[in-house]
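Structure file protein26.cif; described as mmCIF, C-alpha atoms.
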data_model
#
loop_
_atom_site.group_PDB
_atom_site.id
_atom_site.type_symbol
_atom_site.label_atom_id
_atom_site.label_comp_id
_atom_site.auth_asym_id
_atom_site.auth_seq_id
_atom_site.Cartn_x
_atom_site.Cartn_y
_atom_site.Cartn_z
ATOM 1 C CA MET N 1 0.000 0.000 0.000
ATOM 2 C CA LEU N 2 1.305 3.441 -0.907
ATOM 3 C CA PRO N 3 1.910 5.819 2.001
ATOM 4 C CA ARG N 4 -0.377 8.663 2.912
ATOM 5 C CA ILE N 5 1.121 12.073 2.209
ATOM 6 C CA LEU N 6 1.032 15.036 4.607
ATOM 7 C CA ALA N 7 2.676 18.265 3.413
ATOM 8 C CA VAL N 8 3.124 21.220 5.750
ATOM 9 C CA ASP N 9 3.770 24.816 4.805
ATOM 10 C CA TRP N 10 5.541 25.876 8.010
ATOM 11 C CA SER N 11 5.891 29.246 9.731
ATOM 12 C CA GLY N 12 8.425 30.560 12.218
ATOM 13 C CA ALA N 13 6.355 33.652 13.012
ATOM 14 C CA ALA N 14 6.483 34.700 16.664
ATOM 15 C CA THR N 15 2.754 35.504 16.587
ATOM 16 C CA GLY N 16 -0.064 34.417 14.328
ATOM 17 C CA ALA N 17 1.693 31.290 13.076
ATOM 18 C CA ALA N 18 -1.565 29.324 13.177
ATOM 19 C CA ARG N 19 -2.916 31.452 10.332
ATOM 20 C CA LYS N 20 0.151 30.729 8.210
ATOM 21 C CA ILE N 21 0.726 27.020 8.852
ATOM 22 C CA TRP N 22 -1.183 24.921 6.317
ATOM 23 C CA LEU N 23 -1.515 21.154 6.168
ATOM 24 C CA ALA N 24 -2.465 19.286 3.003
ATOM 25 C CA GLU N 25 -3.120 15.553 2.819
ATOM 26 C CA CYS N 26 -3.378 13.515 -0.330
ATOM 27 C CA ARG N 27 -3.613 9.883 -1.317
ATOM 28 C CA ALA N 28 -1.899 8.318 -4.286
ATOM 29 C CA ALA N 29 -3.987 5.993 -6.433
ATOM 30 C CA SER N 30 -2.720 2.409 -6.303
ATOM 31 C CA ASP N 31 -4.138 1.764 -9.792
ATOM 32 C CA GLY N 32 -1.895 4.337 -11.424
ATOM 33 C CA GLY N 33 -4.494 7.093 -11.434
ATOM 34 C CA ASP N 34 -3.826 10.605 -10.222
ATOM 35 C CA VAL N 35 -3.609 11.668 -6.600
ATOM 36 C CA ARG N 36 -6.650 12.718 -4.567
ATOM 37 C CA LEU N 37 -6.528 15.660 -2.167
ATOM 38 C CA VAL N 38 -8.157 14.679 1.133
ATOM 39 C CA ARG N 39 -7.874 17.916 3.109
ATOM 40 C CA LEU N 40 -6.365 21.375 3.154
ATOM 41 C CA GLU N 41 -6.520 23.248 6.455
ATOM 42 C CA CYS N 42 -4.866 25.738 8.782
ATOM 43 C CA GLY N 43 -5.472 26.978 12.328
ATOM 44 C CA ARG N 44 -2.888 25.033 14.343
ATOM 45 C CA SER N 45 0.116 26.484 16.142
ATOM 46 C CA ARG N 46 3.512 24.849 15.657
ATOM 47 C CA GLU N 47 2.998 22.825 18.819
ATOM 48 C CA GLY N 48 -0.562 21.968 17.852
ATOM 49 C CA LEU N 49 0.483 20.902 14.376
ATOM 50 C CA VAL N 50 3.202 18.585 15.695
ATOM 51 C CA ALA N 51 0.798 17.092 18.243
ATOM 52 C CA HIS N 52 -1.619 16.430 15.375
ATOM 53 C CA LEU N 53 1.134 14.799 13.312
ATOM 54 C CA LEU N 54 1.923 12.513 16.242
ATOM 55 C CA ASP N 55 -1.743 11.535 16.430
ATOM 56 C CA GLU N 56 -1.704 10.802 12.705
ATOM 57 C CA VAL N 57 1.369 8.573 12.834
ATOM 58 C CA ALA N 58 -0.028 6.722 15.848
ATOM 59 C CA ARG N 59 -3.214 6.030 13.874
ATOM 60 C CA ASP N 60 -1.387 4.903 10.718
ATOM 61 C CA PRO N 61 2.421 4.807 10.550
ATOM 62 C CA ASN N 62 2.479 4.330 6.767
ATOM 63 C CA VAL N 63 2.755 8.065 6.166
ATOM 64 C CA VAL N 64 5.277 10.482 4.658
ATOM 65 C CA ILE N 65 5.403 13.993 6.124
ATOM 66 C CA GLY N 66 6.977 16.883 4.232
ATOM 67 C CA LEU N 67 8.050 19.874 6.330
ATOM 68 C CA ASP N 68 8.927 23.188 4.738
ATOM 69 C CA PHE N 69 12.017 24.267 6.697
ATOM 70 C CA SER N 70 15.720 23.547 6.730
ATOM 71 C CA PHE N 71 16.639 20.474 8.776
ATOM 72 C CA SER N 72 20.165 21.634 9.603
ATOM 73 C CA PHE N 73 22.930 24.221 9.136
ATOM 74 C CA PRO N 74 26.033 24.313 6.923
ATOM 75 C CA ALA N 75 28.467 21.592 7.967
ATOM 76 C CA TRP N 76 31.100 23.998 9.270
ATOM 77 C CA PHE N 77 28.591 25.359 11.809
ATOM 78 C CA LEU N 78 28.087 21.907 13.317
ATOM 79 C CA ILE N 79 31.813 21.163 13.296
ATOM 80 C CA GLU N 80 32.606 24.490 14.971
ATOM 81 C CA HIS N 81 30.072 23.710 17.713
ATOM 82 C CA ARG N 82 31.419 20.148 18.064
ATOM 83 C CA LEU N 83 28.114 18.642 16.991
ATOM 84 C CA SER N 84 28.492 15.124 15.658
ATOM 85 C CA HIS N 85 25.261 14.935 13.652
ATOM 86 C CA ALA N 86 22.138 16.929 12.870
ATOM 87 C CA PRO N 87 20.019 15.798 15.870
ATOM 88 C CA THR N 88 22.587 17.380 18.190
ATOM 89 C CA ALA N 89 22.067 20.628 16.266
ATOM 90 C CA TRP N 90 18.314 20.287 16.832
ATOM 91 C CA ALA N 91 18.945 19.964 20.557
ATOM 92 C CA LEU N 92 21.196 23.032 20.483
ATOM 93 C CA ALA N 93 18.484 24.961 18.636
ATOM 94 C CA ALA N 94 15.997 23.932 21.324
ATOM 95 C CA ARG N 95 18.294 25.401 23.993
ATOM 96 C CA GLU N 96 19.682 28.451 22.203
ATOM 97 C CA GLY N 97 17.317 29.145 19.313
ATOM 98 C CA GLU N 98 15.243 31.925 20.846
ATOM 99 C CA ARG N 99 18.429 33.750 21.867
ATOM 100 C CA TRP N 100 19.791 33.372 18.336
ATOM 101 C CA LEU N 101 16.605 34.894 16.966
ATOM 102 C CA ALA N 102 16.515 37.742 19.475
ATOM 103 C CA GLU N 103 20.204 38.713 19.307
ATOM 104 C CA ALA N 104 21.396 37.366 15.921
ATOM 105 C CA PRO N 105 24.878 36.517 17.238
ATOM 106 C CA HIS N 106 27.543 35.600 14.680
ATOM 107 C CA PRO N 107 27.007 33.892 12.234
ATOM 108 C CA PHE N 108 23.290 34.743 12.208
ATOM 109 C CA TRP N 109 22.245 37.904 10.435
ATOM 110 C CA GLY N 110 19.374 39.935 9.029
ATOM 111 C CA ARG N 111 18.154 41.771 12.102
ATOM 112 C CA PRO N 112 18.738 45.544 12.329
ATOM 113 C CA GLY N 113 22.445 46.169 12.878
ATOM 114 C CA CYS N 114 23.365 42.581 11.949
ATOM 115 C CA PRO N 115 24.670 42.575 8.355
ATOM 116 C CA ARG N 116 25.553 39.410 6.487
ATOM 117 C CA PRO N 117 28.916 38.242 7.893
ATOM 118 C CA ALA N 118 31.882 36.602 6.221
ATOM 119 C CA VAL N 119 31.658 32.871 6.997
ATOM 120 C CA PRO N 120 33.068 29.732 5.353
ATOM 121 C CA GLU N 121 29.736 29.034 3.629
ATOM 122 C CA HIS N 122 26.231 30.458 3.932
ATOM 123 C CA PHE N 123 24.480 27.552 2.237
ATOM 124 C CA ARG N 124 24.216 23.825 2.742
ATOM 125 C CA ARG N 125 25.351 21.637 -0.136
ATOM 126 C CA THR N 126 21.780 20.586 -0.884
ATOM 127 C CA GLU N 127 20.764 24.242 -1.232
ATOM 128 C CA ARG N 128 23.520 24.757 -3.784
ATOM 129 C CA GLU N 129 22.723 21.551 -5.668
ATOM 130 C CA VAL N 130 18.970 21.753 -6.160
ATOM 131 C CA PRO N 131 17.907 23.309 -9.454
ATOM 132 C CA SER N 132 16.784 26.923 -9.497
ATOM 133 C CA VAL N 133 13.194 27.652 -10.498
ATOM 134 C CA ALA N 134 12.790 30.808 -12.569
ATOM 135 C CA GLY N 135 16.016 32.057 -10.993
ATOM 136 C CA ILE N 136 14.749 31.408 -7.444
ATOM 137 C CA ARG N 137 16.958 29.408 -5.083
ATOM 138 C CA PRO N 138 16.794 28.416 -1.396
ATOM 139 C CA LYS N 139 17.808 31.039 1.158
ATOM 140 C CA SER N 140 20.412 30.648 3.906
ATOM 141 C CA THR N 141 19.349 29.183 7.245
ATOM 142 C CA LEU N 142 21.709 31.687 8.872
ATOM 143 C CA GLN N 143 19.464 34.589 7.827
ATOM 144 C CA VAL N 144 17.044 35.242 10.693
ATOM 145 C CA GLY N 145 15.600 38.597 9.649
ATOM 146 C CA GLY N 146 14.810 40.730 6.652
ATOM 147 C CA ALA N 147 13.148 39.944 3.334
ATOM 148 C CA GLY N 148 13.140 36.265 2.445
ATOM 149 C CA SER N 149 14.568 35.069 5.766
ATOM 150 C CA VAL N 150 14.051 31.367 6.435
ATOM 151 C CA GLY N 151 16.209 30.898 9.520
ATOM 152 C CA THR N 152 13.379 31.749 11.915
ATOM 153 C CA GLY N 153 11.207 28.917 10.628
ATOM 154 C CA ALA N 154 14.107 26.459 10.677
ATOM 155 C CA ILE N 155 15.302 27.333 14.175
ATOM 156 C CA ARG N 156 11.771 27.105 15.555
ATOM 157 C CA GLY N 157 11.208 23.891 13.607
ATOM 158 C CA MET N 158 14.313 21.876 14.471
ATOM 159 C CA PRO N 159 13.299 21.116 18.097
ATOM 160 C CA HIS N 160 10.130 19.514 16.730
ATOM 161 C CA LEU N 161 12.230 17.159 14.607
ATOM 162 C CA LEU N 162 13.595 15.772 17.867
ATOM 163 C CA THR N 163 10.039 15.238 19.093
ATOM 164 C CA LEU N 164 9.075 13.409 15.910
ATOM 165 C CA GLN N 165 12.247 11.317 15.906
ATOM 166 C CA GLN N 166 11.794 10.342 19.550
ATOM 167 C CA ALA N 167 8.249 9.269 18.700
ATOM 168 C CA GLY N 168 9.620 6.792 16.150
ATOM 169 C CA CYS N 169 9.605 8.808 12.928
ATOM 170 C CA ALA N 170 12.522 8.341 10.552
ATOM 171 C CA ILE N 171 13.923 11.771 9.658
ATOM 172 C CA TRP N 172 15.523 11.522 6.211
ATOM 173 C CA PRO N 173 18.398 11.342 5.402
ATOM 174 C CA PHE N 174 19.655 11.049 8.984
ATOM 175 C CA ASP N 175 17.566 7.915 9.586
ATOM 176 C CA ALA N 176 17.027 5.201 7.006
ATOM 177 C CA PRO N 177 13.377 5.048 5.837
ATOM 178 C CA ARG N 178 11.393 2.167 7.335
ATOM 179 C CA LEU N 179 8.061 2.448 5.527
ATOM 180 C CA PRO N 180 5.464 1.068 6.043
ATOM 181 C CA ARG N 181 6.454 0.190 9.610
ATOM 182 C CA ALA N 182 7.511 3.700 10.627
ATOM 183 C CA PRO N 183 6.581 7.183 9.427
ATOM 184 C CA LEU N 184 9.029 9.111 7.259
ATOM 185 C CA VAL N 185 9.716 12.852 7.545
ATOM 186 C CA VAL N 186 11.434 14.711 4.700
ATOM 187 C CA GLU N 187 12.516 18.306 4.146
ATOM 188 C CA ILE N 188 10.710 19.970 1.263
ATOM 189 C CA TYR N 189 11.226 23.233 -0.610
ATOM 190 C CA PRO N 190 7.817 24.074 -2.118
ATOM 191 C CA ARG N 191 9.220 26.133 -4.978
ATOM 192 C CA LEU N 192 10.738 22.934 -6.393
ATOM 193 C CA LEU N 193 7.362 21.205 -6.147
ATOM 194 C CA THR N 194 5.106 23.967 -7.466
ATOM 195 C CA GLY N 195 7.356 25.271 -10.231
ATOM 196 C CA ALA N 196 7.531 28.810 -11.547
ATOM 197 C CA VAL N 197 3.962 29.914 -10.724
ATOM 198 C CA ALA N 198 3.796 33.605 -9.709
ATOM 199 C CA LYS N 199 2.487 32.896 -6.224
ATOM 200 C CA LYS N 200 1.754 36.521 -5.336
ATOM 201 C CA ASN N 201 -0.682 36.774 -8.245
ATOM 202 C CA ALA N 202 -4.165 35.425 -7.451
ATOM 203 C CA ALA N 203 -4.989 34.760 -11.116
ATOM 204 C CA ALA N 204 -1.705 32.860 -11.550
ATOM 205 C CA ARG N 205 -2.494 30.770 -8.464
ATOM 206 C CA THR N 206 -5.890 29.874 -9.914
ATOM 207 C CA ASP N 207 -4.365 28.958 -13.288
ATOM 208 C CA PHE N 208 -1.766 26.791 -11.567
ATOM 209 C CA LEU N 209 -4.411 24.905 -9.598
ATOM 210 C CA THR N 210 -6.477 24.317 -12.731
ATOM 211 C CA SER N 211 -3.462 22.963 -14.587
ATOM 212 C CA VAL N 212 -1.935 20.833 -11.838
ATOM 213 C CA LEU N 213 -5.124 19.042 -10.753
ATOM 214 C CA PRO N 214 -8.119 19.821 -12.986
ATOM 215 C CA SER N 215 -10.444 17.668 -10.856
ATOM 216 C CA LEU N 216 -9.675 19.587 -7.652
ATOM 217 C CA PRO N 217 -12.908 20.264 -5.712
ATOM 218 C CA ALA N 218 -13.950 23.913 -5.691
ATOM 219 C CA HIS N 219 -13.538 24.434 -1.933
ATOM 220 C CA PHE N 220 -9.900 23.301 -2.072
ATOM 221 C CA ARG N 221 -9.229 25.367 -5.174
ATOM 222 C CA ASP N 222 -10.751 28.478 -3.613
ATOM 223 C CA ALA N 223 -8.724 28.099 -0.392
ATOM 224 C CA ALA N 224 -5.430 27.630 -2.246
ATOM 225 C CA ALA N 225 -6.201 30.433 -4.705
ATOM 226 C CA ALA N 226 -6.701 32.802 -1.773
ATOM 227 C CA SER N 227 -3.451 31.973 0.068
ATOM 228 C CA GLU N 228 0.169 31.500 -1.004
ATOM 229 C CA ASP N 229 0.741 29.334 2.066
ATOM 230 C CA ALA N 230 -2.208 27.081 1.250
ATOM 231 C CA LEU N 231 -1.032 26.806 -2.350
ATOM 232 C CA ASP N 232 2.453 25.740 -1.205
ATOM 233 C CA ALA N 233 1.002 23.023 1.024
ATOM 234 C CA LEU N 234 -1.369 21.785 -1.665
ATOM 235 C CA GLY N 235 1.196 21.859 -4.474
ATOM 236 C CA SER N 236 3.763 20.084 -2.308
ATOM 237 C CA ALA N 237 1.306 17.365 -1.305
ATOM 238 C CA ILE N 238 0.354 16.709 -4.919
ATOM 239 C CA ALA N 239 3.990 16.464 -6.054
ATOM 240 C CA MET N 240 4.810 14.159 -3.148
ATOM 241 C CA GLY N 241 1.735 12.048 -3.820
ATOM 242 C CA ARG N 242 2.682 11.568 -7.437
ATOM 243 C CA ALA N 243 6.087 10.291 -6.279
ATOM 244 C CA ALA N 244 4.690 8.254 -3.370
ATOM 245 C CA ALA N 245 6.156 4.939 -4.516
ATOM 246 C CA SER N 246 9.666 6.402 -4.591
ATOM 247 C CA PHE N 247 9.785 7.096 -0.850
ATOM 248 C CA ARG N 248 10.367 3.397 -0.179
ATOM 249 C CA THR N 249 13.543 3.508 -2.275
ATOM 250 C CA LEU N 250 15.189 6.410 -0.416
ATOM 251 C CA GLY N 251 18.496 5.493 1.166
ATOM 252 C CA PRO N 252 20.320 6.904 4.180
ATOM 253 C CA ALA N 253 22.672 9.882 4.013
ATOM 254 C CA ARG N 254 25.077 9.462 1.114
ATOM 255 C CA ASP N 255 28.116 10.813 2.966
ATOM 256 C CA ARG N 256 29.322 12.782 5.975
ATOM 257 C CA VAL N 257 28.107 16.116 4.614
ATOM 258 C CA ALA N 258 24.570 14.791 4.249
ATOM 259 C CA GLN N 259 24.732 13.364 7.780
ATOM 260 C CA LEU N 260 25.487 16.847 9.062
ATOM 261 C CA GLU N 261 23.459 19.042 6.706
ATOM 262 C CA GLY N 262 20.573 16.907 5.519
ATOM 263 C CA GLU N 263 19.057 17.019 2.047
ATOM 264 C CA ILE N 264 16.051 18.622 0.408
ATOM 265 C CA TRP N 265 13.732 15.984 -1.046
ATOM 266 C CA TYR N 266 12.256 16.486 -4.485
ATOM 267 C CA PRO N 267 11.064 13.964 -7.080
ATOM 268 C CA ALA N 268 14.149 14.037 -9.304
ATOM 269 C CA ALA N 269 16.366 13.295 -6.285
ATOM 270 C CA SER N 270 14.508 10.127 -5.421
#

Can you dump the structure from the file as structure tokens?
Amino acid sequence: MLPRILAVDWSGAATGAARKIWLAECRAASDGGDVRLVRLECGRSREGLVAHLLDEVARDPNVVIGLDFSFSFPAWFLIEHRLSHAPTAWALAAREGERWLAEAPHPFWGRPGCPRPAVPEHFRRTEREVPSVAGIRPKSTLQVGGAGSVGTGAIRGMPHLLTLQQAGCAIWPFDAPRLPRAPLVVEIYPRLLTGAVAKKNAAARTDFLTSVLPSLPAHFRDAAAASEDALDALGSAIAMGRAAASFRTLGPARDRVAQLEGEIWYPAAS
């Protein structure tokens, strides 16, 4: 049986995150037909969303969860902090993350008075390797403020990876996938899964939804057309659902860099 797919468009916002965090669930057709969207919803805080995911995996462990935030930092950051693998970085983020976000100590940047510093590398290897989409590429996890910052979401997300791992989820590529016996969690970058759609344009969002899944029920289409965050969750779930069979073929980290930095999942990589 193919796994269920849960895709989350995450938010690191200090307030109002429940309005920005969207969850989409889809099912892949075992007969080779197209995927079917089961739900598209928001309204949960980060903690509430993770609690819900734990309920879902307890009910049915044959599930793949895609989370839209960086699962680690550039390798040199872990080495400098004497962290042996990514889960130790998650634990450090749980202890120090709110201070990092408030003060932006070196090497974090983006807050007022904290310009981008000179460091060995701002990006993880996976962020450099994934293809660009209409000239758009992943941002640096070290950026915690300013336009396009993604570090806030990652730093507030990493402690939850520990929670999921301790509950028995395999976090790829740090843990080898064990579907269908254990849930699988992968890092996603929605831009790779939705393509070059102009997400800030409502008409473009509607056209994208019509083209990607013509049979999409109107209430799902209307919700995703009205929200960039909802569209990212929906588009990611559909792309993951169409590649559902490939999740069982994922292997563990390919080398030491991947053990430290993680990897962004996308269909071509699997």

Residues proximal to (14.3, 10.8, 6.9) were defined as those with any atom within 9 Å of that point in the file's coordinates, counting all atoms listed in the file. Which are they, as a compact mmCIF listing (two decimals) with C-alpha atoms, in the coordinates of the input?
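Written file, point-v8.txt:
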# COMPACT_ATOMS: atom_id res chain seq x y z
CA CYS N 169 9.60 8.81 12.93
CA ALA N 170 12.52 8.34 10.55
CA ILE N 171 13.92 11.77 9.66
CA TRP N 172 15.52 11.52 6.21
CA PRO N 173 18.40 11.34 5.40
CA PHE N 174 19.66 11.05 8.98
CA ASP N 175 17.57 7.92 9.59
CA ALA N 176 17.03 5.20 7.01
CA PRO N 177 13.38 5.05 5.84
CA PRO N 183 6.58 7.18 9.43
CA LEU N 184 9.03 9.11 7.26
CA VAL N 185 9.72 12.85 7.54
CA VAL N 186 11.43 14.71 4.70
CA GLU N 187 12.52 18.31 4.15
CA LEU N 250 15.19 6.41 -0.42
CA GLY N 251 18.50 5.49 1.17
CA PRO N 252 20.32 6.90 4.18
CA ALA N 253 22.67 9.88 4.01
CA GLY N 262 20.57 16.91 5.52

Q) Given the choices N:Leu142, N:Arg156, N:Ser70, N:Thr163, which gets closest to Pro115 in chain N if the distance is worked out from all atoms listed in the file? A)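 Distance minimum relative to Pro115 in chain N lands on N:Leu142.
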
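With all atoms listed in the file as the atoms that count, the minimum distance from Gly97 in chain N to the choices N:Ala154, N:Leu193, N:Ile264, N:Ala226 is reached by N:Ala154.
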
Q: Apply the PyMOL selection byres ((chain N and resi 78) around 12) to the displayed file and report the matching residues as a list in words.
A: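 With the shown file as input, the PyMOL selection byres ((chain N and resi 78) around 12) matches Ser72, Phe73, Pro74, Ala75, Trp76, Phe77, Ile79, Glu80, His81, Arg82, Leu83, Ser84, His85, Ala86, Pro87, Thr88, Ala89, Trp90, Ala91, Leu92, Ala93, Arg124, Arg256, Val257, Gln259, Leu260, Glu261 and Gly262 of chain N.
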
Selected residues written out, C-alpha atoms, as a compact mmCIF listing (two decimals), keeping the file's coordinate frame:
# COMPACT_ATOMS: atom_id res chain seq x y z
CA SER N 72 20.16 21.63 9.60
CA PHE N 73 22.93 24.22 9.14
CA PRO N 74 26.03 24.31 6.92
CA ALA N 75 28.47 21.59 7.97
CA TRP N 76 31.10 24.00 9.27
CA PHE N 77 28.59 25.36 11.81
CA ILE N 79 31.81 21.16 13.30
CA GLU N 80 32.61 24.49 14.97
CA HIS N 81 30.07 23.71 17.71
CA ARG N 82 31.42 20.15 18.06
CA LEU N 83 28.11 18.64 16.99
CA SER N 84 28.49 15.12 15.66
CA HIS N 85 25.26 14.94 13.65
CA ALA N 86 22.14 16.93 12.87
CA PRO N 87 20.02 15.80 15.87
CA THR N 88 22.59 17.38 18.19
CA ALA N 89 22.07 20.63 16.27
CA TRP N 90 18.31 20.29 16.83
CA ALA N 91 18.94 19.96 20.56
CA LEU N 92 21.20 23.03 20.48
CA ALA N 93 18.48 24.96 18.64
CA ARG N 124 24.22 23.82 2.74
CA ARG N 256 29.32 12.78 5.98
CA VAL N 257 28.11 16.12 4.61
CA GLN N 259 24.73 13.36 7.78
CA LEU N 260 25.49 16.85 9.06
CA GLU N 261 23.46 19.04 6.71
CA GLY N 262 20.57 16.91 5.52

Q | Hits from the PyMOL selection byres ((chain N and resi 203) around 12), listed as a PyMOL selection string | A | chain N and resi 197-202+204-210+221-222+224-228

Q: Given the file shown, determine the residues that the PyMOL selection byres ((chain N and resi 2-7) around 7) selects; report them as a ChimeraX atom specification.
A: /N:1,8-9,23-28,30,62-67,233,236-237,240-241,244-245

What does the file look like for those residues with C-alpha atoms, as a PDB file, in the coordinates of the input?
ATOM      1  CA  MET N   1       0.000   0.000   0.000  1.00  0.00           C
ATOM      2  CA  VAL N   8       3.124  21.220   5.750  1.00  0.00           C
ATOM      3  CA  ASP N   9       3.770  24.816   4.805  1.00  0.00           C
ATOM      4  CA  LEU N  23      -1.515  21.154   6.168  1.00  0.00           C
ATOM      5  CA  ALA N  24      -2.465  19.286   3.003  1.00  0.00           C
ATOM      6  CA  GLU N  25      -3.120  15.553   2.819  1.00  0.00           C
ATOM      7  CA  CYS N  26      -3.378  13.515  -0.330  1.00  0.00           C
ATOM      8  CA  ARG N  27      -3.613   9.883  -1.317  1.00  0.00           C
ATOM      9  CA  ALA N  28      -1.899   8.318  -4.286  1.00  0.00           C
ATOM     10  CA  SER N  30      -2.720   2.409  -6.303  1.00  0.00           C
ATOM     11  CA  ASN N  62       2.479   4.330   6.767  1.00  0.00           C
ATOM     12  CA  VAL N  63       2.755   8.065   6.166  1.00  0.00           C
ATOM     13  CA  VAL N  64       5.277  10.482   4.658  1.00  0.00           C
ATOM     14  CA  ILE N  65       5.403  13.993   6.124  1.00  0.00           C
ATOM     15  CA  GLY N  66       6.977  16.883   4.232  1.00  0.00           C
ATOM     16  CA  LEU N  67       8.050  19.874   6.330  1.00  0.00           C
ATOM     17  CA  ALA N 233       1.002  23.023   1.024  1.00  0.00           C
ATOM     18  CA  SER N 236       3.763  20.084  -2.308  1.00  0.00           C
ATOM     19  CA  ALA N 237       1.306  17.365  -1.305  1.00  0.00           C
ATOM     20  CA  MET N 240       4.810  14.159  -3.148  1.00  0.00           C
ATOM     21  CA  GLY N 241       1.735  12.048  -3.820  1.00  0.00           C
ATOM     22  CA  ALA N 244       4.690   8.254  -3.370  1.00  0.00           C
ATOM     23  CA  ALA N 245       6.156   4.939  -4.516  1.00  0.00           C
TER      24      ALA N 245
END

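Relative to CA of Trp100 in chain N, CA of Gln143 in chain N is found at 10.6 Å.
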
Q | Computed interatomic separation between CA of Pro131 in chain N and CA of Leu216 in chain N (Å) | A |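 Calculated distance between CA of Pro131 in chain N and CA of Leu216 in chain N is 27.9 Å.
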
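Take CA of His160 in chain N and CA of Phe69 in chain N: the distance between them is 11.3 Å.
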
Q: Identify, on the basis of only C-alpha atoms, every residue whose closest approach to range 44-58 of chain N does not exceed 8 Å; exclude the query and any residue fewer than 6 positions from it along the same chain; express the result as a ChimeraX atom specification.
A: /N:10-11,17-19,21,160,164,167,183
